[in-house]
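Here is query_20.txt, consisting of compact mmCIF, C-alpha atoms and all ligand atoms:
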# COMPACT_ATOMS: atom_id res chain seq x y z
CA MET A 1 0.00 0.00 0.00
CA GLN A 2 1.11 3.55 -0.80
CA ILE A 3 2.14 5.70 2.21
CA ASP A 4 2.77 9.44 1.81
CA ILE A 5 5.54 10.66 4.11
CA ILE A 6 5.00 14.18 5.40
CA SER A 7 7.70 15.92 7.38
CA GLY A 8 7.22 18.16 10.38
CA SER A 9 9.91 20.78 10.99
CA SER A 10 11.88 18.84 13.63
CA VAL A 11 13.66 15.99 11.78
CA PRO A 12 13.35 16.55 8.00
CA GLY A 13 16.40 14.40 7.24
CA LEU A 14 14.94 11.43 9.06
CA ALA A 15 11.58 11.91 7.30
CA GLN A 16 13.34 11.94 3.92
CA ASN A 17 15.33 8.78 4.82
CA ILE A 18 12.12 6.97 5.73
CA ALA A 19 10.49 8.10 2.46
CA ARG A 20 13.50 6.95 0.41
CA ARG A 21 13.41 3.54 2.06
CA LEU A 22 9.76 3.29 1.05
CA GLY A 23 10.65 4.21 -2.51
CA GLY A 24 9.55 7.86 -2.56
CA SER A 25 10.32 11.31 -1.36
CA ALA A 26 8.94 13.19 1.64
CA HIS A 27 6.57 16.14 1.37
CA PHE A 28 7.55 19.24 3.37
CA PRO A 29 4.67 21.56 4.32
CA GLN A 30 5.52 25.21 4.71
CA ILE A 31 5.66 26.40 8.32
CA GLU A 32 5.66 30.15 8.85
CA LYS A 33 6.12 31.86 12.17
CA PHE A 34 4.47 35.12 13.12
CA PRO A 35 6.33 37.69 15.24
CA ASP A 36 4.30 36.77 18.31
CA GLY A 37 5.30 33.08 18.03
CA GLU A 38 2.13 31.71 16.42
CA ILE A 39 2.76 29.26 13.60
CA HIS A 40 1.02 29.01 10.25
CA VAL A 41 0.93 25.65 8.44
CA ILE A 42 0.47 25.82 4.65
CA GLU A 43 -0.06 22.80 2.41
CA GLY A 44 -0.82 24.79 -0.76
CA ASP A 45 -1.90 22.53 -3.63
CA TYR A 46 -0.85 19.33 -1.91
CA THR A 47 -3.44 16.58 -1.76
CA PRO A 48 -2.53 13.78 0.63
CA GLY A 49 -3.07 10.13 -0.18
CA GLU A 50 -5.46 7.98 1.86
CA THR A 51 -2.73 6.86 4.27
CA VAL A 52 -0.09 9.29 5.41
CA ALA A 53 2.77 9.08 7.89
CA TYR A 54 3.55 12.41 9.51
CA VAL A 55 7.09 12.48 10.95
CA GLN A 56 7.66 14.83 13.86
CA THR A 57 9.87 14.30 16.87
CA MET A 58 9.22 16.11 20.15
CA HIS A 59 12.53 17.72 21.01
CA PRO A 60 13.69 20.44 21.37
CA ARG A 61 10.69 22.59 22.31
CA PRO A 62 8.24 19.70 22.80
CA ASN A 63 5.25 22.04 23.13
CA ASP A 64 5.95 23.76 19.81
CA MET A 65 6.42 20.40 18.10
CA LEU A 66 3.15 19.16 19.55
CA VAL A 67 1.15 22.17 18.36
CA GLU A 68 2.66 21.92 14.87
CA MET A 69 1.70 18.24 14.82
CA GLU A 70 -1.87 18.96 15.89
CA PHE A 71 -2.40 21.70 13.30
CA THR A 72 -0.83 19.68 10.47
CA VAL A 73 -2.71 16.47 11.23
CA ASP A 74 -6.01 18.34 11.43
CA LEU A 75 -5.27 19.96 8.07
CA LEU A 76 -4.26 16.65 6.46
CA LYS A 77 -7.56 15.15 7.54
CA GLU A 78 -9.47 18.14 6.10
CA LEU A 79 -7.57 17.72 2.84
CA GLY A 80 -8.71 14.11 2.52
CA ALA A 81 -6.30 11.82 4.41
CA LYS A 82 -8.21 8.88 5.88
CA ARG A 83 -5.52 7.45 8.16
CA VAL A 84 -2.77 9.52 9.73
CA ILE A 85 0.09 7.66 11.36
CA ALA A 86 2.12 10.04 13.51
CA VAL A 87 5.72 8.83 13.44
CA VAL A 88 7.07 10.41 16.62
CA PRO A 89 10.60 9.03 17.05
CA TYR A 90 10.96 10.63 20.48
CA LEU A 91 7.63 10.76 22.27
CA ALA A 92 7.87 13.40 24.98
CA TYR A 93 5.75 13.59 28.14
CA THR A 94 5.93 9.83 28.72
CA ARG A 95 7.84 10.40 31.97
CA GLN A 96 4.75 12.17 33.35
CA ASP A 97 2.82 8.94 33.53
CA THR A 98 1.41 8.97 37.05
CA ARG A 99 0.06 11.26 39.75
CA HIS A 100 2.73 11.42 42.45
CA GLU A 101 0.85 14.09 44.36
CA LYS A 102 -2.76 15.19 44.54
CA GLY A 103 -3.82 17.49 41.72
CA GLU A 104 -0.99 16.68 39.29
CA ALA A 105 -1.72 16.31 35.59
CA ILE A 106 -0.91 12.98 33.96
CA ALA A 107 0.55 14.69 30.93
CA VAL A 108 0.98 11.65 28.69
CA LYS A 109 -2.74 10.91 28.97
CA SER A 110 -3.72 14.51 28.17
CA MET A 111 -1.33 14.59 25.20
CA LEU A 112 -2.72 11.38 23.68
CA LYS A 113 -6.31 12.54 24.13
CA ALA A 114 -5.49 15.83 22.36
CA LEU A 115 -3.76 14.04 19.46
CA ASP A 116 -6.71 11.67 19.12
CA PHE A 117 -9.05 14.67 18.96
CA THR A 118 -7.04 16.29 16.14
CA GLY A 119 -7.19 13.13 14.02
CA VAL A 120 -4.11 11.00 14.75
CA ASP A 121 -5.04 7.35 14.14
CA ASP A 122 -1.74 5.66 15.03
CA ILE A 123 1.49 6.62 16.78
CA LEU A 124 4.73 4.87 15.88
CA SER A 125 7.66 5.64 18.15
CA VAL A 126 11.08 4.32 19.15
CA ASP A 127 11.92 2.98 22.64
CA ILE A 128 9.04 4.63 24.45
CA HIS A 129 9.68 5.45 28.11
CA LEU A 130 7.39 2.76 29.56
CA HIS A 131 8.23 2.51 33.21
CA ARG A 132 5.01 2.34 35.14
CA LEU A 133 2.71 1.97 32.13
CA SER A 134 2.73 -0.55 29.29
CA LEU A 135 2.08 0.16 25.62
CA ALA A 136 -1.42 -1.25 26.16
CA ASP A 137 -1.96 1.22 29.03
CA LEU A 138 -1.02 4.11 26.72
CA ALA A 139 -3.37 2.75 24.06
CA GLY A 140 -6.12 2.74 26.71
CA PHE A 141 -6.00 6.54 27.07
CA SER A 142 -7.48 7.22 23.61
CA ARG A 143 -8.48 5.56 20.35
CA ILE A 144 -4.96 5.92 18.94
CA LYS A 145 -3.24 2.64 18.08
CA MET A 146 0.24 2.57 19.59
CA HIS A 147 3.27 0.94 17.89
CA GLU A 148 6.87 0.77 19.03
CA VAL A 149 10.24 -0.31 17.61
CA SER A 150 13.52 -0.61 19.48
CA ALA A 151 16.93 0.74 18.55
CA ALA A 152 18.79 -1.39 21.12
CA ASP A 153 20.16 -3.83 18.50
CA LEU A 154 21.35 -0.98 16.27
CA LEU A 155 23.05 0.79 19.20
CA ALA A 156 24.69 -2.46 20.31
CA ARG A 157 25.98 -3.15 16.80
CA GLN A 158 27.49 0.34 16.62
CA ALA A 159 29.02 0.10 20.12
CA GLY A 160 30.39 -3.36 19.33
CA MET A 161 32.64 -1.86 16.66
CA HIS A 162 34.91 -0.50 19.40
CA LEU A 163 34.28 -2.74 22.42
CA LYS A 164 35.46 -6.28 23.08
CA LYS A 165 32.80 -8.60 24.61
CA PRO A 166 31.55 -5.73 26.76
CA LEU A 167 29.66 -6.13 29.99
CA VAL A 168 26.30 -4.47 29.25
CA ILE A 169 24.79 -2.38 32.04
CA GLY A 170 21.26 -1.01 32.35
CA PRO A 171 21.16 1.89 34.86
CA ASP A 172 17.81 0.80 36.35
CA SER A 173 15.38 -2.12 36.27
CA GLU A 174 13.31 -0.48 33.52
CA SER A 175 16.28 -0.50 31.17
CA GLU A 176 16.57 -4.29 31.39
CA ARG A 177 14.78 -4.83 28.08
CA TRP A 178 17.41 -2.78 26.22
CA ALA A 179 20.37 -4.21 28.18
CA ALA A 180 19.17 -7.77 27.50
CA ASP A 181 18.72 -7.09 23.76
CA ALA A 182 22.12 -5.42 23.47
CA ALA A 183 23.85 -8.26 25.35
CA ARG A 184 22.17 -10.84 23.10
CA MET A 185 23.31 -8.94 20.02
CA LEU A 186 26.90 -8.76 21.32
CA GLY A 187 26.96 -12.33 22.66
CA SER A 188 27.83 -10.88 26.04
CA ASP A 189 26.48 -10.69 29.60
CA TYR A 190 24.43 -7.94 31.25
CA ASP A 191 23.36 -6.58 34.61
CA VAL A 192 20.93 -3.90 35.78
CA LEU A 193 21.30 -1.53 38.72
CA GLU A 194 18.92 -0.26 41.35
CA LYS A 195 18.41 3.49 41.00
CA THR A 196 16.76 6.10 43.20
CA ARG A 197 16.04 9.55 41.80
CA LEU A 198 16.49 12.12 44.57
CA SER A 199 15.66 15.10 42.34
CA ALA A 200 15.69 16.00 38.63
CA ARG A 201 19.49 16.13 38.72
CA GLU A 202 20.47 13.93 41.65
CA ILE A 203 20.64 10.18 41.21
CA GLN A 204 21.73 7.49 43.62
CA HIS A 205 22.49 3.91 42.64
CA LYS A 206 22.57 1.14 45.23
CA PRO A 207 26.25 0.23 45.65
CA ARG A 208 26.90 -3.07 43.86
CA SER A 209 30.03 -4.93 43.04
CA LEU A 210 29.96 -5.58 39.29
CA ASP A 211 32.22 -7.84 37.34
CA ALA A 212 33.69 -4.84 35.52
CA ASN A 213 37.36 -4.99 36.44
CA GLY A 214 39.48 -4.86 33.27
CA ARG A 215 36.43 -5.13 31.02
CA ASP A 216 34.94 -2.98 28.29
CA VAL A 217 31.48 -1.77 29.30
CA LEU A 218 28.43 -0.63 27.38
CA ILE A 219 25.84 1.31 29.42
CA ILE A 220 22.54 1.51 27.59
CA ASP A 221 19.40 3.51 28.40
CA ASP A 222 16.44 5.02 26.57
CA ILE A 223 17.07 8.67 27.48
CA VAL A 224 20.04 10.76 28.53
CA SER A 225 18.66 14.07 29.75
CA THR A 226 20.68 15.81 32.48
CA GLY A 227 23.14 12.90 32.32
CA GLY A 228 22.86 12.41 36.10
CA THR A 229 21.93 8.73 35.72
CA MET A 230 24.79 7.88 33.36
CA MET A 231 27.37 9.91 35.33
CA ASP A 232 26.63 8.03 38.52
CA VAL A 233 26.99 4.65 36.77
CA ILE A 234 30.17 5.68 34.92
CA ARG A 235 31.86 6.82 38.14
CA SER A 236 31.03 3.59 39.92
CA LEU A 237 32.24 1.44 36.98
CA LYS A 238 35.47 3.40 36.74
CA ALA A 239 36.03 2.92 40.48
CA GLN A 240 35.58 -0.81 39.91
CA GLY A 241 38.29 -0.91 37.25
CA ALA A 242 36.28 -0.82 34.00
CA LYS A 243 38.50 -0.40 30.93
CA ARG A 244 36.69 1.34 28.10
CA ILE A 245 33.19 2.74 28.67
CA THR A 246 30.66 3.52 25.97
CA ALA A 247 27.39 5.18 26.95
CA ALA A 248 24.54 4.64 24.49
CA CYS A 249 21.00 5.90 24.42
CA THR A 250 18.15 6.08 21.95
CA HIS A 251 17.07 9.64 22.76
CA ALA A 252 19.84 12.18 23.38
CA VAL A 253 17.71 14.83 25.10
CA LEU A 254 20.88 16.41 26.60
CA SER A 255 18.93 18.97 28.57
CA ASP A 256 21.88 20.72 30.22
CA ILE A 257 24.60 22.60 28.40
CA ASP A 258 27.27 20.54 30.19
CA THR A 259 25.60 17.10 30.05
CA LEU A 260 28.13 15.68 27.59
CA THR A 261 31.19 17.25 29.18
CA GLY A 262 29.98 15.88 32.51
CA LEU A 263 29.82 12.38 31.02
CA PHE A 264 33.33 12.60 29.58
CA ARG A 265 34.63 14.05 32.84
CA ALA A 266 33.10 11.14 34.75
CA GLY A 267 35.21 8.74 32.65
CA MET A 268 33.13 7.87 29.58
CA ASP A 269 35.19 7.14 26.44
CA GLU A 270 32.46 7.28 23.81
CA PHE A 271 28.86 8.44 23.50
CA ILE A 272 26.49 7.15 20.85
CA SER A 273 22.84 7.79 20.19
CA THR A 274 20.26 7.55 17.43
CA ASN A 275 18.86 10.30 15.22
CA THR A 276 15.42 10.37 16.91
CA ILE A 277 16.68 13.76 18.14
CA ASN A 278 19.13 15.87 16.15
CA ASN A 279 22.49 15.83 17.92
CA GLU A 280 26.20 15.63 17.26
CA PHE A 281 26.40 11.98 18.33
CA GLY A 282 23.23 10.71 16.61
CA ILE A 283 25.03 8.34 14.25
CA VAL A 284 22.62 5.42 14.52
CA ASP A 285 19.91 5.89 11.91
CA VAL A 286 16.44 4.62 12.87
CA SER A 287 14.85 5.23 9.44
CA GLY A 288 15.17 1.54 8.49
CA ILE A 289 13.32 0.15 11.52
CA LEU A 290 10.63 2.83 11.20
CA ALA A 291 10.12 2.17 7.47
CA ASP A 292 9.90 -1.60 8.11
CA LYS A 293 7.31 -1.08 10.82
CA LEU A 294 5.28 1.26 8.59
CA ARG A 295 5.20 -1.45 5.88
CA GLU A 296 3.98 -3.91 8.50
CA ILE A 297 1.16 -1.80 9.98
CA VAL A 298 -0.24 -0.29 6.78
C1 LIG B 301 14.57 7.14 33.52
O1 LIG B 301 13.83 6.37 34.02
C2 LIG B 301 15.13 7.04 32.13
O2 LIG B 301 15.15 5.74 31.65
C3 LIG B 301 16.48 7.67 32.08
O3 LIG B 301 17.36 6.92 32.91
C4 LIG B 301 16.42 9.08 32.56
O4 LIG B 301 15.41 9.78 31.88
C5 LIG B 301 17.74 9.77 32.38
O5 LIG B 301 17.63 11.07 32.88
P1 LIG B 301 18.90 11.88 33.36
O6 LIG B 301 19.88 11.85 32.24
O7 LIG B 301 18.37 13.24 33.65
O8 LIG B 301 19.42 11.21 34.59

Take the structure in this file and express it as structure tokens.
Ligand code: R5P
Amino acid sequence: MQIDIISGSSVPGLAQNIARRLGGSAHFPQIEKFPDGEIHVIEGDYTPGETVAYVQTMHPRPNDMLVEMEFTVDLLKELGAKRVIAVVPYLAYTRQDTRHEKGEAIAVKSMLKALDFTGVDDILSVDIHLHRLSLADLAGFSRIKMHEVSAADLLARQAGMHLKKPLVIGPDSESERWAADAARMLGSDYDVLEKTRLSAREIQHKPRSLDANGRDVLIIDDIVSTGGTMMDVIRSLKAQGAKRITAACTHAVLSDIDTLTGLFRAGMDEFISTNTINNEFGIVDVSGILADKLREIV
């Protein structure tokens, strides 16, 4: 079946790669910005096909990316699209998945309800932050069908080019699925740590003796944001005699200006990530796994 690939303004290169893999070329709507910050989406003479995949990641400026997605999807539906698959490589707001205190918004639920209302039929994303909720739980918040692919194998393959039979470490129990996949891909062993988040920037791992002495290590996680999680693990591995340390993540949010320098200072040798978010280290291309999944679900 024919799928039209439409690019939001956040990751046009990734949208074009996906389109190429599906044998076409992406369409790029015009996005104008007014002096007060309002945006204006213009499709001109474009008529979408019945099934379209709209590619828009949610970083940086997740709120702007979300509004652009809502306006564009609504317009695509008005122009005749019957099914809109939002390809959102990095799905923001998934960390706000529960009410820790009375009166707090569960942002991921509100976001999915809003996207459903504007006409999104499916969301396809990469390594969704599913800690307390499952993919089925997210699907339960609206009528949107949820689909996910993982970049763990691709990250492991890339890391394996420089590491010898690395010990694979997941910084917390939730990262076990990626650590296990990466270890399987590298024919190596893995372990996961017990983490407590004291604040947005302060992380504490339960002290553990790991079999890291003299070994190459790959630490793998879904997100690196402040880098606090990775830094704590790197320091502890270094203290235990780890040789070469690669830190890998799917989504390089890198929220602080010194996140990367902090990681290198802690003792990391190499940082790798995917291109779900534009960044200097995003050398692992997820267009192939997204295109394959689109073929499967259409
Ligand atoms: C948390 O549960 C995630 O999987 C990541 O470990 C976390 O988002 C990383 O955040 P930061 O880099 O700020 O420690």

Exercise. Step by step, measure atom-to-atom distances between ligand LIG 301 (chain B) and each residue using all atoms listed in the file, keep those at most 7 Å, then write them as a list in words.
Key: His129, His131, Pro171, Glu174, Ser175, Ala200, Arg201, Ile203, Asp221, Asp222, Ile223, Val224, Ser225, Thr226, Gly227, Gly228, Thr229 and Met230 of chain A

Quiz item: Quick one: residues within 9 Å of Ser150 in chain A, all atoms listed in the file counted, chain neighbours fewer than 5 positions away excluded, as a list in words?
Solution: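 Answer for this query is Ser125, Val126, Asp127, Ile128, Trp178, Thr250, Val286 and Ile289 of chain A.
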
Quiz prompt | Residues near Pro62 in chain A, cut-off 12 Å, all atoms listed in the file, skip fewer than 5 positions along chain, as a list in words | solution =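 Contacts, in chain order: Ser9, Ser10, Gln56, Thr57, Val67, Glu68, Met69, Val88, Tyr90, Leu91, Ala92, Tyr93, Thr94, Met111, Val253 and Ile277 of chain A.
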
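Counting all atoms listed in the file, the residue from A:Ala291, A:Ile85, A:Ile245, A:Leu76 that sits nearest to Ile18 in chain A is A:Ala291.
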
Exercise. Please measure the separation of CA of His162 in chain A and CA of Gln240 in chain A, giving the value in Å to one decimal.
Key: 20.5 Å

Exercise. Would you kindly return, as number ranges by chain, each protein, DNA or RNA residue with an atom no farther than 7 Å from any atom of range 180-193 of chain A, considering all atoms listed in the file and excluding same-chain residues fewer than 5 positions away?
Key: A: 152-153, 156, 160, 165-173, 205

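Using only C-alpha atoms, the nearest neighbour of Ile39 in chain A within the list A:Met65, A:Phe141, A:Gln16, A:Arg265 is A:Met65.
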
Practice problem: To one decimal in Å, tell me the separation between CA of Leu133 in chain A and CA of Lys109 in chain A. | Solution: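 Answer for the CA of Leu133 in chain A to CA of Lys109 in chain A separation: 10.9 Å.
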
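Between Val52 in chain A and the candidates A:Leu124, A:Ala248, A:Leu130, A:Ala86, the tightest atom-to-atom separation, counting only C-alpha atoms, involves A:Ala86.
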
Quiz prompt | d(CA of Asn275 in chain A, CA of Asp64 in chain A) in Å | solution =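 Those two atoms sit 19.2 Å apart.
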
Exercise. Using all atoms listed in the file, determine which residues lie at most 7 Å from Asp269 in chain A, disregarding the query and same-chain residues fewer than 5 positions distant; provide the list as a ChimeraX atom specification.
Key: /A:244-246,264

Counting all atoms listed in the file, find residues at most 9 Å from (19.0, 6.9, 42.7) (file frame) and give them as an mmCIF file with C-alpha atoms, in the frame of the given file.
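Result went into out29.cif, see below:
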data_model
loop_
_atom_site.group_PDB
_atom_site.id
_atom_site.type_symbol
_atom_site.label_atom_id
_atom_site.label_comp_id
_atom_site.auth_asym_id
_atom_site.auth_seq_id
_atom_site.Cartn_x
_atom_site.Cartn_y
_atom_site.Cartn_z
ATOM 1 C CA ASP A 172 17.810 0.800 36.350
ATOM 2 C CA GLU A 194 18.920 -0.260 41.350
ATOM 3 C CA LYS A 195 18.410 3.490 41.000
ATOM 4 C CA THR A 196 16.760 6.100 43.200
ATOM 5 C CA ARG A 197 16.040 9.550 41.800
ATOM 6 C CA LEU A 198 16.490 12.120 44.570
ATOM 7 C CA SER A 199 15.660 15.100 42.340
ATOM 8 C CA GLU A 202 20.470 13.930 41.650
ATOM 9 C CA ILE A 203 20.640 10.180 41.210
ATOM 10 C CA GLN A 204 21.730 7.490 43.620
ATOM 11 C CA HIS A 205 22.490 3.910 42.640
ATOM 12 C CA LYS A 206 22.570 1.140 45.230
ATOM 13 C CA THR A 229 21.930 8.730 35.720
ATOM 14 C CA ASP A 232 26.630 8.030 38.520
#

Quiz item: So, counting all atoms listed in the file, which residue among A:Ile42, A:Ala159, A:Leu14, A:Gln30 is closest to Ser287 in chain A?
Solution: A:Leu14

Would you mind putting back N, CA and C atoms on range 35-69 of chain A, then writing it out as a CSV table (one decimal), in the frame of the given file?
chain,number,residue,atom,x,y,z
A,35,PRO,N,5.5,37.1,14.2
A,35,PRO,CA,6.3,37.7,15.2
A,35,PRO,C,6.0,37.3,16.7
A,36,ASP,N,4.7,37.1,16.9
A,36,ASP,CA,4.3,36.8,18.3
A,36,ASP,C,4.5,35.3,18.7
A,37,GLY,N,5.0,34.5,17.7
A,37,GLY,CA,5.3,33.1,18.0
A,37,GLY,C,4.3,32.1,17.5
A,38,GLU,N,3.1,32.6,17.0
A,38,GLU,CA,2.1,31.7,16.4
A,38,GLU,C,2.7,31.1,15.2
A,39,ILE,N,2.3,29.9,14.9
A,39,ILE,CA,2.8,29.3,13.6
A,39,ILE,C,1.6,29.2,12.6
A,40,HIS,N,2.0,29.0,11.3
A,40,HIS,CA,1.0,29.0,10.2
A,40,HIS,C,1.4,27.9,9.3
A,41,VAL,N,0.6,26.8,9.2
A,41,VAL,CA,0.9,25.6,8.4
A,41,VAL,C,0.2,25.8,7.1
A,42,ILE,N,1.0,25.6,6.0
A,42,ILE,CA,0.5,25.8,4.6
A,42,ILE,C,0.8,24.6,3.8
A,43,GLU,N,-0.2,24.0,3.3
A,43,GLU,CA,-0.1,22.8,2.4
A,43,GLU,C,-0.2,23.2,0.9
A,44,GLY,N,-0.7,24.4,0.6
A,44,GLY,CA,-0.8,24.8,-0.8
A,44,GLY,C,-1.7,23.8,-1.6
A,45,ASP,N,-1.1,23.4,-2.7
A,45,ASP,CA,-1.9,22.5,-3.6
A,45,ASP,C,-1.8,21.1,-3.3
A,46,TYR,N,-1.1,20.7,-2.2
A,46,TYR,CA,-0.8,19.3,-1.9
A,46,TYR,C,-2.1,18.6,-1.5
A,47,THR,N,-2.3,17.4,-2.1
A,47,THR,CA,-3.4,16.6,-1.8
A,47,THR,C,-2.9,15.3,-1.2
A,48,PRO,N,-3.1,15.0,0.1
A,48,PRO,CA,-2.5,13.8,0.6
A,48,PRO,C,-3.2,12.5,0.1
A,49,GLY,N,-2.5,11.4,0.1
A,49,GLY,CA,-3.1,10.1,-0.2
A,49,GLY,C,-4.0,9.7,1.0
A,50,GLU,N,-4.5,8.5,0.8
A,50,GLU,CA,-5.5,8.0,1.9
A,50,GLU,C,-4.7,7.7,3.2
A,51,THR,N,-3.5,7.2,3.1
A,51,THR,CA,-2.7,6.9,4.3
A,51,THR,C,-1.5,7.7,4.3
A,52,VAL,N,-1.3,8.5,5.3
A,52,VAL,CA,-0.1,9.3,5.4
A,52,VAL,C,0.6,9.0,6.7
A,53,ALA,N,2.0,9.2,6.7
A,53,ALA,CA,2.8,9.1,7.9
A,53,ALA,C,3.4,10.5,8.1
A,54,TYR,N,3.1,11.1,9.2
A,54,TYR,CA,3.6,12.4,9.5
A,54,TYR,C,4.7,12.3,10.5
A,55,VAL,N,5.9,12.7,10.1
A,55,VAL,CA,7.1,12.5,11.0
A,55,VAL,C,7.4,13.7,11.7
A,56,GLN,N,7.4,13.7,13.0
A,56,GLN,CA,7.7,14.8,13.9
A,56,GLN,C,8.2,14.4,15.2
A,57,THR,N,9.4,14.7,15.6
A,57,THR,CA,9.9,14.3,16.9
A,57,THR,C,9.5,15.4,17.9
A,58,MET,N,9.7,15.1,19.2
A,58,MET,CA,9.2,16.1,20.2
A,58,MET,C,10.3,16.7,21.0
A,59,HIS,N,11.4,17.1,20.3
A,59,HIS,CA,12.5,17.7,21.0
A,59,HIS,C,13.4,18.4,20.0
A,60,PRO,N,13.9,19.6,20.2
A,60,PRO,CA,13.7,20.4,21.4
A,60,PRO,C,12.3,21.1,21.3
A,61,ARG,N,12.0,21.9,22.2
A,61,ARG,CA,10.7,22.6,22.3
A,61,ARG,C,9.5,21.7,22.1
A,62,PRO,N,9.3,20.7,23.0
A,62,PRO,CA,8.2,19.7,22.8
A,62,PRO,C,6.9,20.3,22.6
A,63,ASN,N,6.6,21.4,23.3
A,63,ASN,CA,5.2,22.0,23.1
A,63,ASN,C,5.0,22.6,21.7
A,64,ASP,N,6.1,23.2,21.2
A,64,ASP,CA,6.0,23.8,19.8
A,64,ASP,C,5.8,22.6,18.8
A,65,MET,N,6.5,21.5,19.0
A,65,MET,CA,6.4,20.4,18.1
A,65,MET,C,5.0,19.8,18.1
A,66,LEU,N,4.5,19.8,19.4
A,66,LEU,CA,3.2,19.2,19.6
A,66,LEU,C,2.1,20.0,18.8
A,67,VAL,N,2.2,21.3,19.0
A,67,VAL,CA,1.2,22.2,18.4
A,67,VAL,C,1.3,22.1,16.8
A,68,GLU,N,2.5,22.1,16.3
A,68,GLU,CA,2.7,21.9,14.9
A,68,GLU,C,2.1,20.6,14.4
A,69,MET,N,2.3,19.6,15.2
A,69,MET,CA,1.7,18.2,14.8
A,69,MET,C,0.2,18.3,14.8
